[in-house]
Each structure stands twice: as structure tokens, then as C-alpha cells.
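Asks: Here it is, the structure, as C-alpha cells.
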Amino acid sequence: MSDAAANTQVPVTVLTGYLGAGKTTLLNRILSERHGRKYAVVINEFGELGVDNDLVVDSDEEVFEMNNGCVCCTVRGDLIRIVGGLMKRRDKFDGIIVETTGLANPAPVAQTFFVDETVRERTRLDAIVTVVDAKHLPQRLTDSAEAAEQIGFADVIVLNKTDLVSPEELAEVERRIREVNPFATIHHAVRGNVPIGEVLDQGAFDLTRVLAHTPDFLTDDAHEHNEEVRSVSFEVSRPIDPEKFNAWIGALLAQQGQDLLRTKGILAYEGEDRRFAFQAVHMMADGDFVGPWRADEPRRSRLVFIGRNLNRPALRRGFEACQVAA
Amino acid sequence: MSTAAADHLLDTRGIRTELGAFVVAAAFDRGGTAAFALGDGTVRLLAGDAWQSVAAHDGAALAFAADVLADGFLAGGDDGRLVRVARDGGVTEIAAFGMKWVEHVASFADGKTQLRACAVGRQVHLFDAAGARLKTLAHPSTVTGLVFDARGKRVVASHYNGTSLWFVASKSDNPRVLEWKGSHTAVAISPDGDAVVTAMQEKALHGWRLSDGQHMRMSGYPGKTQALSFTRSGKWLASSGAEAIVLWPFGGSGPTGKAPMELAGADGILCTTLACHPQHEAVAAGFSDGLVILADIGTQRILPVAGTGRGPVSALAWSADGTRLALGSETGFAAVVDFSRR
């Protein structure tokens, strides 16, 4: 996509998190801050706490399954409609914030941005921001699958209510988050006091920046058959053969897409001076060139998986086999 | 074709203007006045060659149609209001629905029946000509399309997993539900009332024949279909969403297993909206590059109405007598072209 097209696309921030984690407090904080920007806000829990904004859309989360033979390809039809409606007064706001209900799985929201052409043309998913409660998160992670999924999907995590826990508890909560998703940016907060610049306009779904800070970790190749949400990342140094990569990742997503929450990568294609950004949500994949490699930058390809039942050795061998012959 | 040649009808028989906001819909009232509903919440009325701007909604207008009375329009907006906009510019609120958007409106009027309808979330509300609410019809998910049949006996609503047909005079209020899994995003009913067709998220159309319950599947669109329009005779269903006007044959045994007729094909340029002529077997169509044409289905001849370069065409409407065509674009261009014999 050209830079011009990217500039006219409205950034969309998805705000997820359990009921009581502080989503609405954060939202009101964002909206009341004097930043000179206007946001259209799509909410689902109107009444829990009022949202003070000119442009609030009350929506029912209406998820449907695409008739494309892919069982996990669920989409938010209400969002498609709302984005279409909002585009009729595009000049009245700078961005869209979508709040999801507490127990919502973020996948249908994210997949909507892959599936619908109008939504894709006119908006870009800026970041999935998950608000978690420092005090109650450990319990949530133990008793529900959705809590781990909301963390697994996140580009940005607001770790809220840090004043209610001890430094040791805070460190433990952060460790639990990192166990699930080592790639998200974590911000500590009390009553949602995160500067707007740390949450909105992150360009986080455009992964260049995220992957540039991928932590080095975990070299053991133990294959855990693990129902917990975990992540793995790989880096290879020889250029990638696009045909091999597409064949491998296509088959992998088709077979294991249900277990893979997020897949993100920056790839150095052979004979190409631009970086290729790849991303997927479950089986829905997308990719585009995102600007040239810097002259001083090693052209190494990185790929990250967040999901369940990740077979590290198999994934590593698969990715390594996508390189051009040495 | 040069733009000068394509603009010949617009130049010689058109009244045009720049309205400065997204043209959401165009309509003629039952008395023949043209008007446009815009993304800035205004309705622009055209009387002779004078334009009048009426503030109808605080937000965007989302739906627009002729009102049941001869001299005015029905408008729905994202401010949750259903209003009547009179030809003289007066605005009367018929109903207000708070935070919910009024996304679709429809009306029916003949000698003895006058009905107004609007869709708000999962509900369809019916009103009489005096503005009294007659009934509220509930659906399993948000209503995405709303239309009366040609006799005003039934109102049809599309939603997730199918459509619901309601007899408006029924005491029991149980709809006939036509099921097909998926997200249906627009609906049309044939002039004889026997075929209901929806546009689907998966870039296909789905149809039901009411007399025998048969399903019809029409696919192959590169884009999503937003406009569905039956010709006057009901022999053809015109649809947007392809690089041409796609016409499915509904005469005889129906479209199943047949190839559609394609008119006014253009490489890489999608048909964005269309409207069948109310009298003849012809269809007006607008494209993503701004081109508006009139296609005669019998002869397959194409008559250019307005050239390219004025923004994707977002609104087309015929006057009831078929002499005038109103057109509008996403970037605020609007015109009314007169086709009457001179």
C-alpha cells in the first residue's frame, strides 16, 4: 500500500479487557485529555459508566461466521456497518476507538480488518490495547481462557490498578503477562492514567517497531503440548524465498490457525530492498512491503507466533526451510 | 470516451452543484421534487434550479426516501431520529431512538394505504401517515435492508442468517423467515412479490423463490454488492459490485445455472450503485470513477450521463415518471438530469 493511502486511512484502536479492569475509566481519560484530536467511539456497555464524547456509537457486538469453510473466521458485522456509516462524515473525526465487552474474544474485531474490503480501504487497525487489573489478573488467568486470549492478542497492555498491589505482586503479574505475550508494550497505570500518546496512534499493528524490540529469550526446543497461550519467535539470517514462505505459512495457518492467535513477521525477501511485513489473526493473513531496510541494518527475518500448542522445533525447522539455499 | 462527450447530457439537460459533503442518498418525492441527503446531516432540496439546505440531522443522514405524502421526504440519521422533511424545508420529527442509528427508511403509498417504515438496530418500526406508530417488528440481529413489496402488503427485512417477511396488516405478527446462513447486507423483492434477493458479505447474492421455497445463488462478484434493483417487468435483477452492471435473468426458470448479462464493462472500475428505470427495461448505473451511464437492456446500448472525475457515485434515483435522474457522489457532486422529450 502506498504511503498516501496509509495517510488517509482512519486509525482504529481496539480496547479490550475484563469488566472492572478499568477500560471505561481509561477511555474517558483519553477522551478528556486536551490533545486536539477527535475520536468516534464505538461502545457496547453503555450505562456501566457514561462516556463523555460527541461521537459515541452504541452497538451490539454481532459476530458471524464467514461462509468460506474456515470455522474460526468470525467477523463483527456491526463494525463493518458502523465504519461504513462513519465514513459518510469522515471529516468530523481523526480516529476510531472500539471498546469490546469484558468477555469478548478480540479475534472477530481484528479479523474484520482483514475480511471486509471497505473497512480495509478506509481504516487501519492501529493497535489492540488490553486493560488488565493488576490485582485480579492472576485469578482471571487461572479461571478463564478469554483473559489469556485478550493478553495474547494485545499490542499494548495497560496494567491498571498498580496501587492495589505490592511491588512483588506487580512483578509477578508482569511475569505472568510476559509468559503469554512478551512482545506487547506494558504501561503501568493507576485509574487509567496513561498518556494518550502511549495508547493511540501506535502503529503497532504495523509491526516494524514491535519486532525491532523483540526480546531475546528462550532457546530451549522443548515441545510443550500446552493449552496455555504462549509465544515463540525465530530469526534467520539468509534471505527468504517468498514462494517457499507462502506455501509453508499457508499450510500452517490452514492446519493450526485455530490455535494461533497472532502471527507477525518482518521478512527479508531475496532480491528485495524493502522489508515485508506479514501478519495473521488465526487463519486470516495479510502482508505488504513497509519501506526499505536501512543501510546499517542486518537483513534478518523474524517471525513471532502467539498461541496454543506451539511446537517450537517444528516451527523453527519450517521457518528455516523458507530461506534460499546457502 | 472524453469527459466532454460523456458530459453532453449533463451539460445540455442537467442541473448540477457541489454540495460539500458525502451524498448518502437521492430521492424524488411523490410530487416530483428532487432532494439529496448528506453526510453532514443536511437535506438539499432542488426547486426549479434553486437549491435549499435543510438541517435535518445532528450527525450524518443515513437513509432517505420519498414520504407517503406528496410533498416531502423521510430521513433517518445517526442522531437516532426519523424525520419528515417537507418540500418547503420544514422538518418534523416522527420518532427519536436515542443512541441507536436510524439506518434504513422506506415508504409505501397508494389510494388506500400509506405506510412509513424505519429500521433501528434489530427493530423495524411502522408508522401511519399521521406519524402514529402502528407496530414494532423484532429481528434476531440488526436489520441491514428494508423494503416494501409492490403492493404494500409486506415489508421485508434482511439480517444475519436470512430475511424476515412481515404482513403489515397481520394481527399475529409472526414473520415468514427465509433462512440462509451468513451476513445479508441488502435486500430487494421482485415486482410480482415472488422472489426475495439479498446481497451477502461473501460477495454473492442469495435468493429465495417464495412460491416453491427454492434457493438461488448468484456469485462471481469482485466487490461487495451494495445496490440491487429489479427492472419494471421483473425480468432482470440489476446489481452493483462488479466491473460492469450485472443483470440476472428472473424471467422463466430464474437465474440458477445461467450466466448473467454484463453491460458497460470497465477494467478495474467497480459499479458502485444503480437504479432501474421505473417504466422501461433500462438501468442507470454509477461507477467508482464517477462515471454515470444509462443502459438499455434490450438493445444493450449505453448512453453516458456524466463523465468521470467527480468522486465515486454513491446515489442514484429516478423520478416516478422516469423523466429525471438524480445522481450524487461521495465527494459531494450532485446533479439532476432531465430525459423528457423536447
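Each chain of the C-alpha cells is named A, B, ... in the order shown, its residues numbered from 1; ligands are numbered from 1 in display order.
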Using only C-alpha atoms, find which residues of chain B lie within 6 Å of chain A and jot them down as a ChimeraX atom specification.

Replies: /B:22,39,99

Asks: According to DSSP computed on the backbone, where in segment 100-199 of chain A is there strand (DSSP E)? Give the residues as a ChimeraX atom specification.

Replies: /A:123-133,156-160,185-188

Asks: Enter the distance from atom CA of Val120 of chain B to atom CA of Trp101 of chain B, in Å, rounded to one decimal.

Replies: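 Going from atom CA of Val120 of chain B over to atom CA of Trp101 of chain B, I get 5.9 Å.
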
Asks: If you measure from atom CA of Glu243 of chain B to atom CA of Leu10 of chain B, what distance in Å do you get, rounded to one decimal?

Replies: 23.1 Å

Asks: Can you tell me, as a ChimeraX atom specification, what residues are no more than 6 Å from segment 225-234 of chain B when counting only C-alpha atoms, ignoring any on the same chain fewer than 4 positions away?

Replies: /B:190-191,199,238-241,273,275-276,278-279,281

Asks: Create the file for the chosen residues now, containing all heavy atoms and written as a PDB file, in the first residue's frame.

Replies:
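Saved file selection_31.pdb follows:
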ATOM      1  N   SER B 190     -38.945  -8.850  -5.895  1.00  0.00           N
ATOM      2  CA  SER B 190     -39.334  -8.687  -7.297  1.00  0.00           C
ATOM      3  C   SER B 190     -40.713  -8.027  -7.384  1.00  0.00           C
ATOM      4  O   SER B 190     -41.509  -8.107  -6.448  1.00  0.00           O
ATOM      5  CB  SER B 190     -39.343 -10.044  -7.997  1.00  0.00           C
ATOM      6  OG  SER B 190     -40.278 -10.907  -7.367  1.00  0.00           O
ATOM      7  N   PRO B 191     -41.024  -7.379  -8.517  1.00  0.00           N
ATOM      8  CA  PRO B 191     -42.303  -6.679  -8.648  1.00  0.00           C
ATOM      9  C   PRO B 191     -43.511  -7.605  -8.443  1.00  0.00           C
ATOM     10  O   PRO B 191     -44.536  -7.165  -7.906  1.00  0.00           O
ATOM     11  CB  PRO B 191     -42.264  -6.141 -10.088  1.00  0.00           C
ATOM     12  CG  PRO B 191     -40.809  -6.005 -10.391  1.00  0.00           C
ATOM     13  CD  PRO B 191     -40.137  -7.120  -9.659  1.00  0.00           C
ATOM     14  N   ALA B 199     -27.972  -9.244  -0.855  1.00  0.00           N
ATOM     15  CA  ALA B 199     -26.529  -9.196  -1.083  1.00  0.00           C
ATOM     16  C   ALA B 199     -25.873  -9.748   0.169  1.00  0.00           C
ATOM     17  O   ALA B 199     -26.376  -9.553   1.265  1.00  0.00           O
ATOM     18  CB  ALA B 199     -26.080  -7.762  -1.320  1.00  0.00           C
ATOM     19  N   ALA B 238     -30.804  -6.099 -11.524  1.00  0.00           N
ATOM     20  CA  ALA B 238     -29.525  -5.409 -11.727  1.00  0.00           C
ATOM     21  C   ALA B 238     -28.802  -5.303 -10.396  1.00  0.00           C
ATOM     22  O   ALA B 238     -29.431  -5.087  -9.361  1.00  0.00           O
ATOM     23  CB  ALA B 238     -29.768  -4.015 -12.306  1.00  0.00           C
ATOM     24  N   SER B 239     -27.456  -5.463 -10.442  1.00  0.00           N
ATOM     25  CA  SER B 239     -26.682  -5.451  -9.201  1.00  0.00           C
ATOM     26  C   SER B 239     -25.348  -4.749  -9.411  1.00  0.00           C
ATOM     27  O   SER B 239     -24.751  -4.824 -10.485  1.00  0.00           O
ATOM     28  CB  SER B 239     -26.446  -6.884  -8.724  1.00  0.00           C
ATOM     29  OG  SER B 239     -25.814  -7.634  -9.738  1.00  0.00           O
ATOM     30  N   SER B 240     -24.885  -4.070  -8.358  1.00  0.00           N
ATOM     31  CA  SER B 240     -23.564  -3.433  -8.365  1.00  0.00           C
ATOM     32  C   SER B 240     -22.542  -4.399  -7.780  1.00  0.00           C
ATOM     33  O   SER B 240     -22.891  -5.504  -7.389  1.00  0.00           O
ATOM     34  CB  SER B 240     -23.605  -2.137  -7.550  1.00  0.00           C
ATOM     35  OG  SER B 240     -23.730  -2.437  -6.171  1.00  0.00           O
ATOM     36  N   GLY B 241     -21.277  -3.969  -7.738  1.00  0.00           N
ATOM     37  CA  GLY B 241     -20.243  -4.788  -7.109  1.00  0.00           C
ATOM     38  C   GLY B 241     -19.310  -5.476  -8.081  1.00  0.00           C
ATOM     39  O   GLY B 241     -18.399  -6.193  -7.666  1.00  0.00           O
ATOM     40  N   THR B 273     -23.269   1.850  -7.599  1.00  0.00           N
ATOM     41  CA  THR B 273     -24.696   1.918  -7.307  1.00  0.00           C
ATOM     42  C   THR B 273     -25.475   1.910  -8.614  1.00  0.00           C
ATOM     43  O   THR B 273     -24.907   2.160  -9.678  1.00  0.00           O
ATOM     44  CB  THR B 273     -25.039   3.157  -6.454  1.00  0.00           C
ATOM     45  OG1 THR B 273     -26.404   3.070  -6.021  1.00  0.00           O
ATOM     46  CG2 THR B 273     -24.841   4.446  -7.232  1.00  0.00           C
ATOM     47  N   ALA B 275     -29.848   2.073 -10.401  1.00  0.00           N
ATOM     48  CA  ALA B 275     -31.290   2.201 -10.187  1.00  0.00           C
ATOM     49  C   ALA B 275     -31.993   1.878 -11.495  1.00  0.00           C
ATOM     50  O   ALA B 275     -31.695   2.487 -12.534  1.00  0.00           O
ATOM     51  CB  ALA B 275     -31.636   3.621  -9.744  1.00  0.00           C
ATOM     52  N   CYS B 276     -32.920   0.907 -11.471  1.00  0.00           N
ATOM     53  CA  CYS B 276     -33.651   0.568 -12.684  1.00  0.00           C
ATOM     54  C   CYS B 276     -34.687   1.646 -12.981  1.00  0.00           C
ATOM     55  O   CYS B 276     -35.260   2.261 -12.071  1.00  0.00           O
ATOM     56  CB  CYS B 276     -34.326  -0.790 -12.541  1.00  0.00           C
ATOM     57  SG  CYS B 276     -33.157  -2.153 -12.713  1.00  0.00           S
ATOM     58  N   PRO B 278     -38.153   3.304 -13.835  1.00  0.00           N
ATOM     59  CA  PRO B 278     -39.463   2.885 -13.321  1.00  0.00           C
ATOM     60  C   PRO B 278     -40.459   2.476 -14.401  1.00  0.00           C
ATOM     61  O   PRO B 278     -41.495   1.884 -14.082  1.00  0.00           O
ATOM     62  CB  PRO B 278     -39.954   4.135 -12.573  1.00  0.00           C
ATOM     63  CG  PRO B 278     -39.197   5.272 -13.156  1.00  0.00           C
ATOM     64  CD  PRO B 278     -37.875   4.729 -13.591  1.00  0.00           C
ATOM     65  N   GLN B 279     -40.170   2.770 -15.676  1.00  0.00           N
ATOM     66  CA  GLN B 279     -41.117   2.434 -16.753  1.00  0.00           C
ATOM     67  C   GLN B 279     -40.537   1.447 -17.760  1.00  0.00           C
ATOM     68  O   GLN B 279     -41.221   0.541 -18.201  1.00  0.00           O
ATOM     69  CB  GLN B 279     -41.524   3.703 -17.527  1.00  0.00           C
ATOM     70  CG  GLN B 279     -41.890   4.898 -16.658  1.00  0.00           C
ATOM     71  CD  GLN B 279     -43.243   4.744 -16.011  1.00  0.00           C
ATOM     72  OE1 GLN B 279     -44.028   3.896 -16.414  1.00  0.00           O
ATOM     73  NE2 GLN B 279     -43.513   5.545 -14.990  1.00  0.00           N
ATOM     74  N   GLU B 281     -37.286  -1.058 -19.621  1.00  0.00           N
ATOM     75  CA  GLU B 281     -36.251  -2.025 -19.276  1.00  0.00           C
ATOM     76  C   GLU B 281     -34.886  -1.367 -19.484  1.00  0.00           C
ATOM     77  O   GLU B 281     -34.184  -1.614 -20.473  1.00  0.00           O
ATOM     78  CB  GLU B 281     -36.392  -3.295 -20.127  1.00  0.00           C
ATOM     79  CG  GLU B 281     -37.665  -4.068 -19.842  1.00  0.00           C
ATOM     80  CD  GLU B 281     -37.694  -4.674 -18.444  1.00  0.00           C
ATOM     81  OE1 GLU B 281     -37.084  -5.741 -18.246  1.00  0.00           O
ATOM     82  OE2 GLU B 281     -38.329  -4.070 -17.549  1.00  0.00           O
TER      83      GLU B 281
END

Asks: Can you tell me which residues surround Leu291 of chain B at a distance of at most 12 Å, considering only C-alpha atoms, apart from same-chain residues fewer than 4 positions away, and format the answer as a ChimeraX atom specification?

Replies: /B:1-3,5-7,10,244,264-266,269-274,284-287,302-314,316,327-329,333

Asks: Could you list, as a list in words, every residue within 10 Å of Val129 of chain A, counting only C-alpha atoms and ignoring same-chain residues fewer than 2 positions away?

Replies: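 Answer for this query is Thr13, Val14, Leu15, Thr16, Gly17, Lys23, Glu99, Asp126, Ala127, Val131, Val132, Gln150, Ile151, Phe153, Ala154, Asp155, Val156, Ile157, Val158, Ala184, Thr185, Ile186, Val199, Leu200, Gln202 and Ala204 of chain A.
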
Asks: Keeping N, CA, C and O atoms for every residue in the selection just given, could you write it to a file as a short mmCIF file (atom, residue, chain, number, x, y, z; two decimals), in the first residue's frame?

Replies:
data_model
loop_
_atom_site.label_atom_id
_atom_site.label_comp_id
_atom_site.auth_asym_id
_atom_site.auth_seq_id
_atom_site.Cartn_x
_atom_site.Cartn_y
_atom_site.Cartn_z
N THR A 13 -8.35 1.96 17.10
CA THR A 13 -7.79 1.36 18.30
C THR A 13 -8.85 0.47 18.93
O THR A 13 -9.98 0.91 19.13
N VAL A 14 -8.49 -0.77 19.19
CA VAL A 14 -9.44 -1.69 19.83
C VAL A 14 -9.07 -1.79 21.30
O VAL A 14 -7.92 -2.06 21.64
N LEU A 15 -10.05 -1.54 22.15
CA LEU A 15 -9.83 -1.53 23.59
C LEU A 15 -10.53 -2.75 24.19
O LEU A 15 -11.75 -2.84 24.16
N THR A 16 -9.73 -3.70 24.70
CA THR A 16 -10.32 -4.89 25.30
C THR A 16 -9.95 -4.94 26.78
O THR A 16 -9.10 -4.18 27.24
N GLY A 17 -10.56 -5.85 27.50
CA GLY A 17 -10.26 -6.02 28.92
C GLY A 17 -11.50 -6.42 29.68
O GLY A 17 -12.62 -6.12 29.27
N LYS A 23 -11.42 -0.22 31.70
CA LYS A 23 -11.50 0.19 30.30
C LYS A 23 -12.18 1.55 30.13
O LYS A 23 -11.69 2.42 29.43
N GLU A 99 -14.55 -0.17 21.78
CA GLU A 99 -14.49 -0.84 23.07
C GLU A 99 -15.23 -2.16 22.95
O GLU A 99 -16.33 -2.22 22.40
N ASP A 126 -4.88 0.15 14.25
CA ASP A 126 -3.68 0.77 14.80
C ASP A 126 -3.07 -0.08 15.90
O ASP A 126 -1.87 -0.33 15.90
N ALA A 127 -3.88 -0.51 16.83
CA ALA A 127 -3.37 -1.35 17.92
C ALA A 127 -4.53 -1.98 18.68
O ALA A 127 -5.61 -1.41 18.77
N VAL A 131 -6.65 -3.73 28.64
CA VAL A 131 -6.53 -3.20 30.01
C VAL A 131 -6.67 -4.37 30.97
O VAL A 131 -7.65 -5.13 30.88
N VAL A 132 -5.70 -4.53 31.87
CA VAL A 132 -5.81 -5.60 32.87
C VAL A 132 -5.67 -5.02 34.27
O VAL A 132 -5.02 -4.00 34.48
N GLN A 150 -7.05 -12.29 25.51
CA GLN A 150 -7.00 -10.83 25.40
C GLN A 150 -5.56 -10.33 25.55
O GLN A 150 -5.16 -9.37 24.89
N ILE A 151 -4.78 -11.00 26.38
CA ILE A 151 -3.37 -10.62 26.53
C ILE A 151 -2.57 -11.06 25.30
O ILE A 151 -1.74 -10.33 24.78
N PHE A 153 -3.53 -11.33 22.29
CA PHE A 153 -3.83 -10.50 21.13
C PHE A 153 -3.24 -9.10 21.21
O PHE A 153 -3.15 -8.39 20.22
N ALA A 154 -2.86 -8.67 22.41
CA ALA A 154 -2.57 -7.25 22.63
C ALA A 154 -1.28 -6.79 21.97
O ALA A 154 -0.28 -7.50 21.91
N ASP A 155 -1.31 -5.56 21.47
CA ASP A 155 -0.10 -4.85 21.07
C ASP A 155 0.37 -3.98 22.22
O ASP A 155 1.56 -3.75 22.39
N VAL A 156 -0.60 -3.47 22.99
CA VAL A 156 -0.31 -2.61 24.13
C VAL A 156 -1.11 -3.14 25.32
O VAL A 156 -2.29 -3.45 25.17
N ILE A 157 -0.46 -3.27 26.46
CA ILE A 157 -1.18 -3.71 27.66
C ILE A 157 -1.09 -2.60 28.71
O ILE A 157 0.00 -2.12 29.04
N VAL A 158 -2.25 -2.16 29.19
CA VAL A 158 -2.29 -1.19 30.28
C VAL A 158 -2.51 -1.99 31.55
O VAL A 158 -3.59 -2.56 31.76
N ALA A 184 4.17 -7.40 23.62
CA ALA A 184 3.36 -6.20 23.82
C ALA A 184 4.11 -5.19 24.69
O ALA A 184 4.92 -5.56 25.53
N THR A 185 3.80 -3.92 24.46
CA THR A 185 4.32 -2.87 25.32
C THR A 185 3.44 -2.81 26.56
O THR A 185 2.22 -2.81 26.44
N ILE A 186 4.06 -2.79 27.76
CA ILE A 186 3.29 -2.73 29.00
C ILE A 186 3.42 -1.35 29.63
O ILE A 186 4.52 -0.82 29.76
N VAL A 199 -1.01 5.12 23.92
CA VAL A 199 -2.08 4.16 23.66
C VAL A 199 -2.61 4.29 22.23
O VAL A 199 -2.82 3.31 21.54
N LEU A 200 -2.81 5.57 21.79
CA LEU A 200 -3.37 5.79 20.46
C LEU A 200 -2.25 6.09 19.47
O LEU A 200 -1.16 6.50 19.84
N GLN A 202 -0.35 4.19 17.72
CA GLN A 202 0.84 3.40 17.99
C GLN A 202 1.46 2.82 16.73
O GLN A 202 2.61 2.48 16.70
N ALA A 204 1.01 0.06 15.93
CA ALA A 204 1.54 -1.18 16.49
C ALA A 204 1.20 -2.39 15.66
O ALA A 204 1.92 -3.38 15.65
#

Asks: Per DSSP on the backbone, filter segment 95-306 of chain A down to the residues in helix (DSSP H, G or I) and report them as a VMD selection string.

Replies: chain A and resid 107 to 115 117 to 122 137 to 143 145 to 153 162 to 164 167 to 180 196 to 198 208 to 212 242 to 256

Asks: Pro140 of chain B: which residues within 12 Å, counting only C-alpha atoms, same-chain residues fewer than 5 positions away excluded, as a tab-separated table (two decimals) with N, CA, C and O atoms, in the first residue's frame?

Replies:
chain	number	residue	atom	x	y	z
A	60	ASP	N	-24.41	-3.33	19.21
A	60	ASP	CA	-24.44	-4.69	19.72
A	60	ASP	C	-23.32	-5.44	19.04
A	60	ASP	O	-23.19	-5.36	17.83
A	62	GLU	N	-22.12	-7.99	17.08
A	62	GLU	CA	-22.77	-9.03	16.28
A	62	GLU	C	-21.72	-9.77	15.47
A	62	GLU	O	-21.21	-9.27	14.48
B	121	GLY	N	-31.46	-0.58	14.70
B	121	GLY	CA	-30.92	-1.77	15.34
B	121	GLY	C	-31.66	-3.01	14.85
B	121	GLY	O	-31.79	-3.23	13.66
B	122	ARG	N	-32.18	-3.80	15.78
B	122	ARG	CA	-32.85	-5.05	15.41
B	122	ARG	C	-34.33	-4.88	15.12
B	122	ARG	O	-35.02	-5.85	14.85
B	123	GLN	N	-34.80	-3.64	15.23
B	123	GLN	CA	-36.23	-3.43	15.11
B	123	GLN	C	-36.62	-2.65	13.87
B	123	GLN	O	-35.89	-1.77	13.42
B	124	VAL	N	-37.79	-3.00	13.34
B	124	VAL	CA	-38.41	-2.22	12.28
B	124	VAL	C	-39.67	-1.61	12.88
B	124	VAL	O	-40.48	-2.31	13.50
B	157	ALA	N	-37.25	-7.48	5.63
B	157	ALA	CA	-36.04	-7.00	6.30
B	157	ALA	C	-34.94	-8.05	6.19
B	157	ALA	O	-35.19	-9.24	6.44
B	158	SER	N	-33.73	-7.64	5.81
B	158	SER	CA	-32.60	-8.56	5.79
B	158	SER	C	-31.82	-8.42	7.10
B	158	SER	O	-31.81	-7.36	7.72
B	159	HIS	N	-31.17	-9.51	7.51
B	159	HIS	CA	-30.39	-9.53	8.75
B	159	HIS	C	-29.47	-10.73	8.69
B	159	HIS	O	-29.39	-11.40	7.66
B	160	TYR	N	-28.76	-11.03	9.80
B	160	TYR	CA	-27.92	-12.23	9.82
B	160	TYR	C	-28.80	-13.45	9.55
B	160	TYR	O	-29.91	-13.56	10.04
B	161	ASN	N	-28.25	-14.37	8.77
B	161	ASN	CA	-28.86	-15.69	8.56
B	161	ASN	C	-30.21	-15.65	7.85
B	161	ASN	O	-30.98	-16.59	7.98
B	162	GLY	N	-30.49	-14.57	7.10
B	162	GLY	CA	-31.67	-14.59	6.27
B	162	GLY	C	-32.45	-13.30	6.23
B	162	GLY	O	-31.92	-12.22	6.50
B	163	THR	N	-33.73	-13.45	5.87
B	163	THR	CA	-34.62	-12.30	5.81
B	163	THR	C	-35.94	-12.66	6.50
B	163	THR	O	-36.28	-13.83	6.63
B	164	SER	N	-36.67	-11.61	6.91
B	164	SER	CA	-37.99	-11.81	7.51
B	164	SER	C	-39.02	-11.05	6.68
B	164	SER	O	-38.82	-9.89	6.33
B	175	PRO	N	-43.31	-13.46	11.47
B	175	PRO	CA	-42.79	-13.30	10.12
B	175	PRO	C	-42.60	-14.65	9.43
B	175	PRO	O	-42.47	-15.68	10.09
B	177	VAL	N	-39.81	-16.45	7.85
B	177	VAL	CA	-38.35	-16.28	7.87
B	177	VAL	C	-37.74	-17.11	6.75
B	177	VAL	O	-38.00	-18.32	6.65
B	179	GLU	N	-34.37	-18.55	5.52
B	179	GLU	CA	-33.08	-18.76	6.16
B	179	GLU	C	-31.96	-19.04	5.16
B	179	GLU	O	-32.16	-19.77	4.19
